[in-house]
$ cat work-v1.cif   # mmCIF, C-alpha atoms
data_coords
#
loop_
_atom_site.label_atom_id
_atom_site.label_comp_id
_atom_site.auth_asym_id
_atom_site.auth_seq_id
_atom_site.Cartn_x
_atom_site.Cartn_y
_atom_site.Cartn_z
CA MET A 7 0.00 0.00 0.00
CA ILE A 8 2.67 2.53 1.06
CA VAL A 9 4.90 1.23 -1.74
CA HIS A 10 2.14 1.92 -4.27
CA ILE A 11 1.57 5.44 -2.98
CA ALA A 12 5.32 6.04 -3.09
CA VAL A 13 5.46 4.86 -6.73
CA ILE A 14 2.54 7.14 -7.69
CA LEU A 15 4.14 10.13 -5.93
CA MET A 16 7.51 9.42 -7.55
CA PHE A 17 5.95 9.51 -11.02
CA GLN A 18 4.21 12.77 -10.14
CA LEU A 19 7.52 14.19 -8.94
CA LEU A 20 9.22 13.05 -12.14
CA GLY A 21 6.41 14.62 -14.20
CA GLU A 22 6.57 17.94 -12.32
CA THR A 23 10.35 18.06 -12.71
CA LEU A 24 10.15 17.38 -16.45
CA ALA A 25 7.26 19.81 -17.05
CA ARG A 26 8.99 22.65 -15.21
CA GLY A 27 12.51 21.84 -16.37
CA LEU A 28 11.58 21.70 -20.05
CA ASP A 29 8.81 24.36 -19.86
CA LEU A 30 6.27 21.95 -21.32
CA PRO A 31 2.62 23.08 -21.72
CA VAL A 32 1.43 19.85 -20.03
CA PRO A 33 0.85 19.62 -16.26
CA GLY A 34 3.33 17.49 -14.31
CA PRO A 35 0.75 14.91 -13.12
CA VAL A 36 -0.33 14.24 -16.74
CA LEU A 37 3.30 13.49 -17.63
CA GLY A 38 3.47 11.34 -14.48
CA MET A 39 0.43 9.40 -15.72
CA ALA A 40 2.17 8.80 -19.07
CA GLY A 41 5.31 7.65 -17.20
CA LEU A 42 3.36 5.22 -15.01
CA LEU A 43 1.59 3.84 -18.09
CA ALA A 44 5.00 3.28 -19.70
CA LEU A 45 6.07 1.37 -16.57
CA PHE A 46 2.97 -0.85 -16.82
CA LEU A 47 3.76 -1.62 -20.46
CA VAL A 48 7.28 -2.73 -19.53
CA VAL A 49 6.36 -4.44 -16.23
CA PRO A 50 2.74 -5.72 -16.50
CA GLY A 51 2.90 -7.06 -12.92
CA ALA A 52 3.19 -3.50 -11.60
CA ALA A 53 -0.27 -2.60 -12.92
CA LYS A 54 -1.84 -5.50 -11.08
CA ALA A 55 -0.11 -4.55 -7.84
CA ILE A 56 -1.06 -0.86 -7.97
CA THR A 57 -4.65 -1.40 -9.17
CA PRO A 58 -6.35 -1.62 -5.71
CA THR A 59 -4.60 1.54 -4.42
CA ALA A 60 -5.30 3.47 -7.63
CA GLN A 61 -8.94 2.39 -7.61
CA GLY A 62 -9.16 3.50 -3.98
CA ILE A 63 -8.02 7.00 -4.96
CA LEU A 64 -10.15 7.17 -8.12
CA ALA A 65 -13.34 5.85 -6.53
CA HIS A 66 -13.78 9.24 -4.87
CA LEU A 67 -12.31 11.49 -7.51
CA SER A 68 -15.23 13.90 -6.97
CA LEU A 69 -14.12 14.57 -3.38
CA LEU A 70 -10.83 16.05 -4.60
CA PHE A 71 -12.61 18.86 -6.46
CA VAL A 72 -14.55 20.06 -3.41
CA PRO A 73 -11.93 22.53 -2.06
CA ALA A 74 -11.54 24.18 -5.48
CA GLY A 75 -15.33 24.17 -5.88
CA VAL A 76 -15.76 26.07 -2.63
CA GLY A 77 -13.25 28.56 -4.06
CA VAL A 78 -15.69 29.31 -6.87
CA THR A 79 -18.31 30.66 -4.50
CA ALA A 80 -15.59 32.61 -2.68
CA HIS A 81 -14.61 34.24 -5.98
CA LEU A 82 -18.09 34.78 -7.41
CA GLY A 83 -17.50 38.55 -7.17
CA LEU A 84 -14.98 38.19 -10.00
CA LEU A 85 -17.77 37.30 -12.40
CA SER A 86 -19.07 40.86 -11.86
CA GLN A 87 -21.70 42.21 -14.26
CA ALA A 88 -20.62 39.82 -16.99
CA GLY A 89 -21.58 36.87 -14.74
CA PRO A 90 -24.84 35.80 -16.41
CA ALA A 91 -23.31 36.17 -19.90
CA LEU A 92 -20.23 34.13 -18.89
CA VAL A 93 -22.32 31.36 -17.32
CA LEU A 94 -24.62 31.22 -20.35
CA ALA A 95 -21.57 31.01 -22.64
CA LEU A 96 -20.18 28.16 -20.51
CA LEU A 97 -23.48 26.30 -20.63
CA ILE A 98 -23.94 26.57 -24.41
CA SER A 99 -20.29 25.88 -25.17
CA THR A 100 -20.11 22.83 -22.87
CA VAL A 101 -23.28 21.29 -24.33
CA LEU A 102 -21.97 21.88 -27.88
CA ALA A 103 -18.50 20.48 -27.12
CA LEU A 104 -20.03 17.36 -25.49
CA ALA A 105 -22.41 16.75 -28.39
CA VAL A 106 -19.85 17.40 -31.15
CA GLY A 107 -17.16 15.31 -29.43
CA ALA A 108 -19.41 12.30 -28.79
CA LEU A 109 -21.05 12.44 -32.25
CA ALA A 110 -17.62 12.68 -33.93
CA PHE A 111 -16.47 9.65 -31.92
CA VAL A 112 -19.52 7.56 -32.85
CA ALA A 113 -19.37 8.57 -36.52
CA LEU A 114 -15.66 7.75 -36.83
CA ALA A 115 -16.10 4.48 -34.92
CA ARG A 116 -18.79 3.46 -37.41
CA LEU A 117 -16.69 4.60 -40.38
CA THR A 118 -13.58 2.69 -39.28
CA GLY A 119 -15.59 -0.35 -38.15
CA VAL A 120 -14.57 -0.25 -34.47
CA GLU A 121 -18.05 0.00 -33.03
CA GLU A 122 -18.48 -1.06 -29.45
CA ASP A 123 -19.73 -4.57 -28.85
CA ALA A 124 -23.40 -4.41 -28.00
CA GLN A 125 -24.05 -4.29 -24.26
CA MET B 28 -14.33 23.42 31.16
CA THR B 29 -12.98 25.66 28.42
CA PRO B 30 -15.69 28.02 27.13
CA LEU B 31 -17.00 27.19 23.65
CA PRO B 32 -15.81 30.41 21.95
CA ASP B 33 -12.24 29.57 23.02
CA ILE B 34 -12.50 26.06 21.61
CA TRP B 35 -13.88 27.55 18.39
CA ALA B 36 -11.04 30.10 18.30
CA TYR B 37 -8.56 27.24 18.46
CA LEU B 38 -10.32 24.89 16.02
CA SER B 39 -11.07 27.52 13.42
CA GLN B 40 -7.35 28.17 13.00
CA GLU B 41 -6.29 24.52 12.71
CA PRO B 42 -6.49 22.35 9.57
CA LEU B 43 -8.40 19.60 11.41
CA LEU B 44 -11.77 21.35 11.42
CA TRP B 45 -11.97 22.21 7.72
CA LEU B 46 -10.41 18.96 6.59
CA THR B 47 -13.08 17.08 8.55
CA ALA B 48 -15.80 19.42 7.30
CA THR B 49 -14.72 18.78 3.68
CA LEU B 50 -14.90 15.00 4.10
CA VAL B 51 -18.24 15.14 5.91
CA ALA B 52 -19.72 17.52 3.32
CA TYR B 53 -18.60 15.17 0.56
CA LEU B 54 -20.07 12.13 2.35
CA LEU B 55 -23.38 14.00 2.64
CA GLY B 56 -23.16 14.95 -1.05
CA ASP B 57 -22.37 11.35 -1.97
CA ALA B 58 -25.24 10.05 0.18
CA ALA B 59 -27.60 12.58 -1.44
CA SER B 60 -26.37 11.47 -4.88
CA ARG B 61 -27.03 7.81 -4.01
CA ALA B 62 -30.44 8.61 -2.54
CA ALA B 63 -31.27 10.37 -5.83
CA ARG B 64 -30.02 7.25 -7.69
CA HIS B 65 -27.11 9.19 -9.21
CA ASN B 66 -29.43 11.77 -10.71
CA PRO B 67 -26.98 14.11 -12.48
CA LEU B 68 -28.49 17.20 -10.86
CA VAL B 69 -27.54 15.91 -7.41
CA ASN B 70 -23.83 16.06 -8.14
CA PRO B 71 -21.74 15.24 -5.03
CA VAL B 72 -19.24 18.07 -5.73
CA LEU B 73 -22.05 20.57 -6.16
CA VAL B 74 -23.86 19.49 -2.98
CA ALA B 75 -20.66 19.48 -0.88
CA MET B 76 -19.64 22.84 -2.31
CA LEU B 77 -22.97 24.48 -1.46
CA LEU B 78 -23.01 22.99 2.05
CA LEU B 79 -19.49 24.21 2.81
CA THR B 80 -20.15 27.64 1.32
CA GLY B 81 -23.13 27.94 3.65
CA VAL B 82 -21.06 26.94 6.68
CA LEU B 83 -18.21 29.32 5.75
CA TYR B 84 -20.70 32.13 5.28
CA ALA B 85 -22.50 31.40 8.56
CA THR B 86 -19.24 31.30 10.54
CA ALA B 87 -17.67 34.24 8.65
CA THR B 88 -14.67 32.06 7.79
CA PRO B 89 -12.46 33.36 4.95
CA TYR B 90 -11.75 30.96 2.06
CA ARG B 91 -8.02 31.13 2.92
CA THR B 92 -8.61 29.68 6.38
CA TYR B 93 -10.84 26.98 4.92
CA PHE B 94 -8.25 26.08 2.28
CA ASP B 95 -5.51 25.69 4.93
CA GLY B 96 -7.43 22.63 6.06
CA ALA B 97 -8.84 21.51 2.71
CA GLN B 98 -5.48 21.69 0.92
CA PHE B 99 -4.71 18.11 1.94
CA VAL B 100 -7.67 16.93 -0.11
CA HIS B 101 -6.83 19.33 -2.93
CA PHE B 102 -3.26 17.97 -3.03
CA MET B 103 -4.56 14.48 -3.88
CA LEU B 104 -5.63 15.75 -7.33
CA GLY B 105 -2.04 15.28 -8.53
CA PRO B 106 -1.62 11.65 -7.40
CA ALA B 107 -5.16 10.90 -8.65
CA THR B 108 -4.19 12.14 -12.11
CA VAL B 109 -1.13 9.87 -12.08
CA ALA B 110 -3.33 6.98 -10.88
CA LEU B 111 -5.46 7.38 -14.05
CA ALA B 112 -2.70 5.31 -15.69
CA VAL B 113 -4.33 2.23 -14.11
CA PRO B 114 -7.78 2.37 -15.81
CA LEU B 115 -5.96 3.51 -18.93
CA TYR B 116 -3.77 0.40 -18.89
CA ASN B 117 -6.68 -1.90 -18.03
CA ASN B 118 -8.64 -0.55 -21.02
CA LEU B 119 -5.70 -0.50 -23.40
CA HIS B 120 -7.21 -3.11 -25.73
CA LEU B 121 -10.29 -0.89 -26.16
CA ILE B 122 -8.18 2.24 -26.59
CA ARG B 123 -5.91 0.68 -29.24
CA ARG B 124 -9.00 -0.16 -31.27
CA SER B 125 -10.41 3.35 -30.97
CA LEU B 126 -7.46 5.57 -31.84
CA ILE B 127 -9.05 7.19 -34.92
CA PRO B 128 -12.41 8.00 -33.26
CA MET B 129 -10.49 9.34 -30.26
CA PHE B 130 -8.36 11.77 -32.23
CA GLY B 131 -11.32 12.92 -34.33
CA ALA B 132 -13.44 13.50 -31.23
CA LEU B 133 -10.53 15.26 -29.52
CA LEU B 134 -10.07 17.73 -32.38
CA ALA B 135 -13.79 18.33 -32.83
CA GLY B 136 -14.61 18.60 -29.13
CA SER B 137 -11.63 20.75 -28.19
CA LEU B 138 -12.10 23.27 -31.03
CA THR B 139 -15.86 23.45 -30.43
CA ALA B 140 -15.24 24.18 -26.73
CA VAL B 141 -12.84 27.08 -27.36
CA VAL B 142 -14.53 28.62 -30.41
CA SER B 143 -18.14 28.38 -29.19
CA ALA B 144 -17.30 29.84 -25.75
CA LEU B 145 -15.61 32.86 -27.35
CA VAL B 146 -18.28 33.41 -30.01
CA VAL B 147 -21.26 33.10 -27.64
CA ALA B 148 -19.70 35.30 -24.95
CA ARG B 149 -18.78 37.97 -27.49
CA MET B 150 -22.32 37.93 -28.87
CA LEU B 151 -23.51 38.52 -25.29
CA GLY B 152 -21.25 41.55 -24.99
CA VAL B 153 -18.31 40.13 -23.02
CA GLU B 154 -15.01 41.76 -23.99
CA GLY B 155 -11.34 42.11 -23.20
CA ALA B 156 -9.62 40.15 -20.44
CA LEU B 157 -12.95 38.63 -19.32
CA LEU B 158 -13.46 37.16 -22.78
CA LEU B 159 -9.87 35.86 -23.01
CA SER B 160 -10.24 34.16 -19.60
CA LEU B 161 -12.95 31.98 -21.13
CA ALA B 162 -10.87 30.43 -23.93
CA PRO B 163 -9.14 27.59 -22.00
CA LYS B 164 -12.11 26.69 -19.72
CA SER B 165 -12.43 23.07 -20.88
CA ALA B 166 -8.82 22.20 -20.01
CA THR B 167 -7.85 20.91 -16.57
CA ALA B 168 -7.29 23.75 -14.06
CA PRO B 169 -3.46 23.99 -13.90
CA VAL B 170 -3.16 24.03 -17.69
CA ALA B 171 -6.08 26.44 -18.17
CA ILE B 172 -4.56 28.90 -15.69
CA GLY B 173 -1.23 28.82 -17.54
CA ILE B 174 -2.92 29.39 -20.91
CA SER B 175 -5.03 32.23 -19.49
CA GLU B 176 -1.88 34.03 -18.30
CA GLN B 177 -0.24 33.52 -21.65
CA ILE B 178 -3.09 34.98 -23.75
CA GLY B 179 -3.87 37.90 -21.42
CA GLY B 180 -6.83 36.57 -19.42
CA LEU B 181 -7.38 36.71 -15.66
CA PRO B 182 -6.02 33.45 -14.15
CA THR B 183 -8.28 33.52 -11.05
CA LEU B 184 -11.38 34.07 -13.17
CA THR B 185 -10.26 31.23 -15.45
CA ALA B 186 -9.99 28.93 -12.41
CA VAL B 187 -13.61 29.77 -11.51
CA LEU B 188 -14.79 29.24 -15.11
CA VAL B 189 -12.96 25.89 -15.30
CA ILE B 190 -14.70 24.54 -12.19
CA LEU B 191 -18.11 25.80 -13.39
CA THR B 192 -17.51 24.14 -16.78
CA GLY B 193 -16.71 20.86 -15.02
CA ILE B 194 -19.89 20.99 -12.96
CA ILE B 195 -22.03 21.94 -15.98
CA GLY B 196 -20.49 19.07 -17.98
CA ALA B 197 -21.01 16.56 -15.17
CA VAL B 198 -24.64 17.60 -14.75
CA VAL B 199 -25.66 17.70 -18.44
CA VAL B 200 -23.66 14.80 -19.90
CA THR B 201 -26.03 11.94 -19.03
CA PRO B 202 -29.32 13.56 -20.14
CA LEU B 203 -27.61 15.01 -23.24
CA MET B 204 -26.15 11.66 -24.35
CA THR B 205 -29.46 9.93 -23.74
CA LEU B 206 -31.19 12.61 -25.81
CA LEU B 207 -28.66 12.09 -28.64
CA ARG B 208 -29.09 8.30 -28.27
CA ILE B 209 -25.36 7.74 -27.83
CA ARG B 210 -24.90 4.45 -25.98
CA ASP B 211 -21.19 3.90 -26.68
CA TRP B 212 -19.47 4.30 -23.27
CA ARG B 213 -16.19 5.17 -25.00
CA ALA B 214 -17.80 8.11 -26.84
CA ARG B 215 -19.71 9.34 -23.78
CA GLY B 216 -16.65 9.16 -21.54
CA PHE B 217 -14.18 10.61 -24.01
CA ALA B 218 -16.42 13.57 -24.85
CA VAL B 219 -16.96 14.49 -21.20
CA GLY B 220 -13.22 14.27 -20.47
CA VAL B 221 -12.49 16.64 -23.37
CA ALA B 222 -15.31 19.10 -22.59
CA ALA B 223 -15.34 18.99 -18.78
CA HIS B 224 -11.89 17.72 -17.60
CA GLY B 225 -11.57 16.11 -14.14
CA ILE B 226 -15.05 16.84 -12.79
CA GLY B 227 -16.52 15.32 -15.95
CA THR B 228 -14.14 12.38 -15.53
CA ALA B 229 -15.28 11.88 -11.94
CA ARG B 230 -18.87 11.78 -13.18
CA ALA B 231 -17.92 9.26 -15.89
CA PHE B 232 -16.34 6.92 -13.32
CA GLN B 233 -19.56 7.17 -11.30
CA VAL B 234 -21.54 5.87 -14.28
CA ASN B 235 -19.26 3.34 -16.00
CA ASP B 236 -15.65 2.18 -15.70
CA THR B 237 -14.90 2.22 -19.45
CA ALA B 238 -16.41 5.69 -19.71
CA GLY B 239 -14.14 6.78 -16.85
CA ALA B 240 -11.00 5.43 -18.52
CA PHE B 241 -11.83 7.18 -21.80
CA ALA B 242 -12.69 10.39 -19.93
CA GLY B 243 -9.26 10.33 -18.29
CA ILE B 244 -7.55 10.10 -21.68
CA GLY B 245 -9.81 12.81 -23.12
CA MET B 246 -8.87 15.11 -20.25
CA GLY B 247 -5.13 14.47 -20.63
CA LEU B 248 -5.12 14.91 -24.41
CA ASN B 249 -7.28 18.03 -24.27
CA ALA B 250 -4.93 19.64 -21.75
CA LEU B 251 -2.23 19.36 -24.38
CA LEU B 252 -4.39 20.35 -27.36
CA THR B 253 -5.98 23.39 -25.65
CA ALA B 254 -2.49 24.69 -24.81
CA LEU B 255 -1.61 24.48 -28.53
CA VAL B 256 -4.94 25.62 -29.99
CA ALA B 257 -6.31 28.33 -27.66
CA PRO B 258 -3.70 31.05 -28.44
CA TRP B 259 -4.16 30.37 -32.14
CA VAL B 260 -8.00 30.51 -32.01
CA VAL B 261 -7.85 33.75 -30.00
CA TRP B 262 -5.50 35.22 -32.61
CA VAL B 263 -7.79 34.22 -35.51
CA LEU B 264 -11.13 35.14 -33.89
CA LEU B 265 -10.44 38.27 -31.85
#
$ encode --input "work-v1.cif" --output "structure tokens"
Amino acid sequence: MIVHIAVILMFQLLGETLARGLDLPVPGPVLGMAGLLALFLVVPGAAKAITPTAQGILAHLSLLFVPAGVGVTAHLGLLSQAGPALVLALLISTVLALAVGALAFVALARLTGVEEDAQ
Amino acid sequence: MTPLPDIWAYLSQEPLLWLTATLVAYLLGDAASRAARHNPLVNPVLVAMLLLTGVLYATATPYRTYFDGAQFVHFMLGPATVALAVPLYNNLHLIRRSLIPMFGALLAGSLTAVVSALVVARMLGVEGALLLSLAPKSATAPVAIGISEQIGGLPTLTAVLVILTGIIGAVVVTPLMTLLRIRDWRARGFAVGVAAHGIGTARAFQVNDTAGAFAGIGMGLNALLTALVAPWVVWVLL
């Protein structure tokens, strides 16, 4: 358990160091994720060992956004007069991006014959 | 016995109180979400956030003091992102088969997010730094903040817009996909990861494991693509 947490933290550390050192536009943890995936590809046993710990963290991913979420209400003043317009833009844009992304995925999956097995 | 105000004076300055409050608020949010059978409107983040905001307001606690305690939870976002490698690896066979749909959906979803936000907000009369702050809102927070700085937006406002986007995405994704009759978990997950980053990904994991894995990839890839595309779209459009 502690070993698995240590491995995860080490990959995050490695990612942060690379991202900052090379001025990459990707956040450190995303690089860390890529690094850990590379480890799994080389050592498949590692994935099996870390799975329970990782699933423990990911099962409550929502929890981790609560502190930042509370920050939104603390900073609502920033939205100022443009608030309603900004929120409306977010709503329309998010719905459009979701629809376009998912429809593009389904259309290309059909076109390239990699449709999901019926479930 | 120590008088209550003194105990409060001590507790309100220590991380223990707000760390505990964050966990309890989340548990209440999660319980509410379960009780509502994962109805998307009863989002655990949203419920916990409103509860805590109420408590902070009632006790006149500044956000800074709250965050001193809550930062331990906030810190776990980094390790959780790294841990996404696990569902990614476990779904690798599915991902290998879906590379073309993934890249198409990434390009389409990412560009739609940036362009439509800017166009709609400008039509509604939003201008200047406020408008620029909107461009990277679908990317994960640390990346979006960096992009916002780079293109002349307000980083703090961007952080707020990013979280709101995540919550909107998490709330609308299920009814929207049902309306569009999209049943492919890969498509549903990937699209919500691209459009609504980590909060969308958290929602995807709540619904389906494959959707969660694809959402994680969508979030990671869109962080990269938004960093490349947002400055360029701003330059072309504005």
$ resolve_selection --input "work-v1.cif" --expression "the PyMOL selection byres ((chain B and resi 172-185) around 8)" --output "ChimeraX atom specification"
/A:81,84-85 /B:156-164,168-171,186-189,254,257-258,261
$ closest_residue --input "work-v1.cif" --among "A:Pro31, A:Pro90, A:Gly83, A:Pro58" --to "chain B" --atoms "all atoms listed in the file"
A:Pro31
$ atom_distance --input "work-v1.cif" --atom1 "atom CA of B:Leu251" --atom2 "atom CA of A:Val32"
5.7 Å
$ residues_around --input "work-v1.cif" --residues "A:Thr57" --least-positions-apart "4" --cutoff "8 Å" --atoms "only C-alpha atoms" --output "ChimeraX atom specification"
/A:53,61 /B:113
$ resolve_selection --input "work-v1.cif" --expression "the PyMOL selection byres ((chain A) within 7 of (chain B))" --output "ChimeraX atom specification"
/A:14-15,18,31-33,35-36,38-40,42-43,53,57,60,63-64,67-73,75-80,84,88,91-92,95-97,99-100,102-104,106-108,110-112,114-115,120,122
$ write_last_selection --input "work-v1.cif" --atoms "C-alpha atoms" --output "CSV table (one decimal), in the frame of the given file"
chain,number,residue,atom,x,y,z
A,14,ILE,CA,2.5,7.1,-7.7
A,15,LEU,CA,4.1,10.1,-5.9
A,18,GLN,CA,4.2,12.8,-10.1
A,31,PRO,CA,2.6,23.1,-21.7
A,32,VAL,CA,1.4,19.8,-20.0
A,33,PRO,CA,0.8,19.6,-16.3
A,35,PRO,CA,0.8,14.9,-13.1
A,36,VAL,CA,-0.3,14.2,-16.7
A,38,GLY,CA,3.5,11.3,-14.5
A,39,MET,CA,0.4,9.4,-15.7
A,40,ALA,CA,2.2,8.8,-19.1
A,42,LEU,CA,3.4,5.2,-15.0
A,43,LEU,CA,1.6,3.8,-18.1
A,53,ALA,CA,-0.3,-2.6,-12.9
A,57,THR,CA,-4.6,-1.4,-9.2
A,60,ALA,CA,-5.3,3.5,-7.6
A,63,ILE,CA,-8.0,7.0,-5.0
A,64,LEU,CA,-10.2,7.2,-8.1
A,67,LEU,CA,-12.3,11.5,-7.5
A,68,SER,CA,-15.2,13.9,-7.0
A,69,LEU,CA,-14.1,14.6,-3.4
A,70,LEU,CA,-10.8,16.0,-4.6
A,71,PHE,CA,-12.6,18.9,-6.5
A,72,VAL,CA,-14.6,20.1,-3.4
A,73,PRO,CA,-11.9,22.5,-2.1
A,75,GLY,CA,-15.3,24.2,-5.9
A,76,VAL,CA,-15.8,26.1,-2.6
A,77,GLY,CA,-13.2,28.6,-4.1
A,78,VAL,CA,-15.7,29.3,-6.9
A,79,THR,CA,-18.3,30.7,-4.5
A,80,ALA,CA,-15.6,32.6,-2.7
A,84,LEU,CA,-15.0,38.2,-10.0
A,88,ALA,CA,-20.6,39.8,-17.0
A,91,ALA,CA,-23.3,36.2,-19.9
A,92,LEU,CA,-20.2,34.1,-18.9
A,95,ALA,CA,-21.6,31.0,-22.6
A,96,LEU,CA,-20.2,28.2,-20.5
A,97,LEU,CA,-23.5,26.3,-20.6
A,99,SER,CA,-20.3,25.9,-25.2
A,100,THR,CA,-20.1,22.8,-22.9
A,102,LEU,CA,-22.0,21.9,-27.9
A,103,ALA,CA,-18.5,20.5,-27.1
A,104,LEU,CA,-20.0,17.4,-25.5
A,106,VAL,CA,-19.8,17.4,-31.2
A,107,GLY,CA,-17.2,15.3,-29.4
A,108,ALA,CA,-19.4,12.3,-28.8
A,110,ALA,CA,-17.6,12.7,-33.9
A,111,PHE,CA,-16.5,9.6,-31.9
A,112,VAL,CA,-19.5,7.6,-32.8
A,114,LEU,CA,-15.7,7.8,-36.8
A,115,ALA,CA,-16.1,4.5,-34.9
A,120,VAL,CA,-14.6,-0.2,-34.5
A,122,GLU,CA,-18.5,-1.1,-29.4
$ atom_distance --input "work-v1.cif" --atom1 "atom CA of B:Asp236" --atom2 "atom CA of B:Ile122"
13.2 Å
$ atom_distance --input "work-v1.cif" --atom1 "atom CA of A:Arg116" --atom2 "atom CA of A:Leu47"
28.7 Å
$ build_atoms --input "work-v1.cif" --residues "stretch 227-243 of chain B" --atoms "N, CA, C and O atoms" --output "PDB file, in the frame of the given file"
ATOM      1  N   GLY B 227     -15.812  16.175 -15.005  1.00  0.00           N
ATOM      2  CA  GLY B 227     -16.520  15.320 -15.950  1.00  0.00           C
ATOM      3  C   GLY B 227     -16.039  13.874 -15.848  1.00  0.00           C
ATOM      4  O   GLY B 227     -16.828  12.934 -15.902  1.00  0.00           O
ATOM      5  N   THR B 228     -14.715  13.711 -15.662  1.00  0.00           N
ATOM      6  CA  THR B 228     -14.140  12.380 -15.530  1.00  0.00           C
ATOM      7  C   THR B 228     -14.658  11.686 -14.277  1.00  0.00           C
ATOM      8  O   THR B 228     -14.990  10.497 -14.302  1.00  0.00           O
ATOM      9  N   ALA B 229     -14.751  12.445 -13.184  1.00  0.00           N
ATOM     10  CA  ALA B 229     -15.280  11.880 -11.940  1.00  0.00           C
ATOM     11  C   ALA B 229     -16.707  11.390 -12.146  1.00  0.00           C
ATOM     12  O   ALA B 229     -17.088  10.318 -11.687  1.00  0.00           O
ATOM     13  N   ARG B 230     -17.493  12.181 -12.880  1.00  0.00           N
ATOM     14  CA  ARG B 230     -18.870  11.780 -13.180  1.00  0.00           C
ATOM     15  C   ARG B 230     -18.878  10.499 -14.029  1.00  0.00           C
ATOM     16  O   ARG B 230     -19.663   9.585 -13.795  1.00  0.00           O
ATOM     17  N   ALA B 231     -17.972  10.437 -15.016  1.00  0.00           N
ATOM     18  CA  ALA B 231     -17.920   9.260 -15.890  1.00  0.00           C
ATOM     19  C   ALA B 231     -17.618   7.995 -15.099  1.00  0.00           C
ATOM     20  O   ALA B 231     -18.244   6.956 -15.310  1.00  0.00           O
ATOM     21  N   PHE B 232     -16.678   8.083 -14.146  1.00  0.00           N
ATOM     22  CA  PHE B 232     -16.340   6.920 -13.320  1.00  0.00           C
ATOM     23  C   PHE B 232     -17.537   6.487 -12.487  1.00  0.00           C
ATOM     24  O   PHE B 232     -17.700   5.313 -12.171  1.00  0.00           O
ATOM     25  N   GLN B 233     -18.376   7.468 -12.106  1.00  0.00           N
ATOM     26  CA  GLN B 233     -19.560   7.170 -11.300  1.00  0.00           C
ATOM     27  C   GLN B 233     -20.546   6.320 -12.105  1.00  0.00           C
ATOM     28  O   GLN B 233     -21.261   5.500 -11.562  1.00  0.00           O
ATOM     29  N   VAL B 234     -20.553   6.515 -13.438  1.00  0.00           N
ATOM     30  CA  VAL B 234     -21.540   5.870 -14.280  1.00  0.00           C
ATOM     31  C   VAL B 234     -21.026   4.539 -14.843  1.00  0.00           C
ATOM     32  O   VAL B 234     -21.747   3.542 -14.848  1.00  0.00           O
ATOM     33  N   ASN B 235     -19.762   4.522 -15.315  1.00  0.00           N
ATOM     34  CA  ASN B 235     -19.260   3.340 -16.000  1.00  0.00           C
ATOM     35  C   ASN B 235     -17.733   3.371 -16.041  1.00  0.00           C
ATOM     36  O   ASN B 235     -17.151   4.423 -16.308  1.00  0.00           O
ATOM     37  N   ASP B 236     -17.094   2.218 -15.802  1.00  0.00           N
ATOM     38  CA  ASP B 236     -15.650   2.180 -15.700  1.00  0.00           C
ATOM     39  C   ASP B 236     -14.940   2.486 -17.028  1.00  0.00           C
ATOM     40  O   ASP B 236     -13.942   3.194 -17.064  1.00  0.00           O
ATOM     41  N   THR B 237     -15.478   1.945 -18.127  1.00  0.00           N
ATOM     42  CA  THR B 237     -14.900   2.220 -19.450  1.00  0.00           C
ATOM     43  C   THR B 237     -15.033   3.697 -19.773  1.00  0.00           C
ATOM     44  O   THR B 237     -14.090   4.340 -20.252  1.00  0.00           O
ATOM     45  N   ALA B 238     -16.197   4.260 -19.479  1.00  0.00           N
ATOM     46  CA  ALA B 238     -16.410   5.690 -19.710  1.00  0.00           C
ATOM     47  C   ALA B 238     -15.376   6.492 -18.919  1.00  0.00           C
ATOM     48  O   ALA B 238     -14.787   7.449 -19.431  1.00  0.00           O
ATOM     49  N   GLY B 239     -15.113   6.079 -17.683  1.00  0.00           N
ATOM     50  CA  GLY B 239     -14.140   6.780 -16.850  1.00  0.00           C
ATOM     51  C   GLY B 239     -12.747   6.742 -17.451  1.00  0.00           C
ATOM     52  O   GLY B 239     -12.052   7.761 -17.494  1.00  0.00           O
ATOM     53  N   ALA B 240     -12.331   5.560 -17.924  1.00  0.00           N
ATOM     54  CA  ALA B 240     -11.000   5.430 -18.520  1.00  0.00           C
ATOM     55  C   ALA B 240     -10.858   6.340 -19.735  1.00  0.00           C
ATOM     56  O   ALA B 240      -9.865   7.048 -19.900  1.00  0.00           O
ATOM     57  N   PHE B 241     -11.875   6.335 -20.600  1.00  0.00           N
ATOM     58  CA  PHE B 241     -11.830   7.180 -21.800  1.00  0.00           C
ATOM     59  C   PHE B 241     -11.901   8.664 -21.440  1.00  0.00           C
ATOM     60  O   PHE B 241     -11.286   9.499 -22.100  1.00  0.00           O
ATOM     61  N   ALA B 242     -12.620   8.989 -20.369  1.00  0.00           N
ATOM     62  CA  ALA B 242     -12.690  10.390 -19.930  1.00  0.00           C
ATOM     63  C   ALA B 242     -11.313  10.860 -19.477  1.00  0.00           C
ATOM     64  O   ALA B 242     -10.884  11.972 -19.798  1.00  0.00           O
ATOM     65  N   GLY B 243     -10.604   9.985 -18.751  1.00  0.00           N
ATOM     66  CA  GLY B 243      -9.260  10.330 -18.290  1.00  0.00           C
ATOM     67  C   GLY B 243      -8.325  10.648 -19.444  1.00  0.00           C
ATOM     68  O   GLY B 243      -7.557  11.612 -19.396  1.00  0.00           O
TER      69      GLY B 243
END
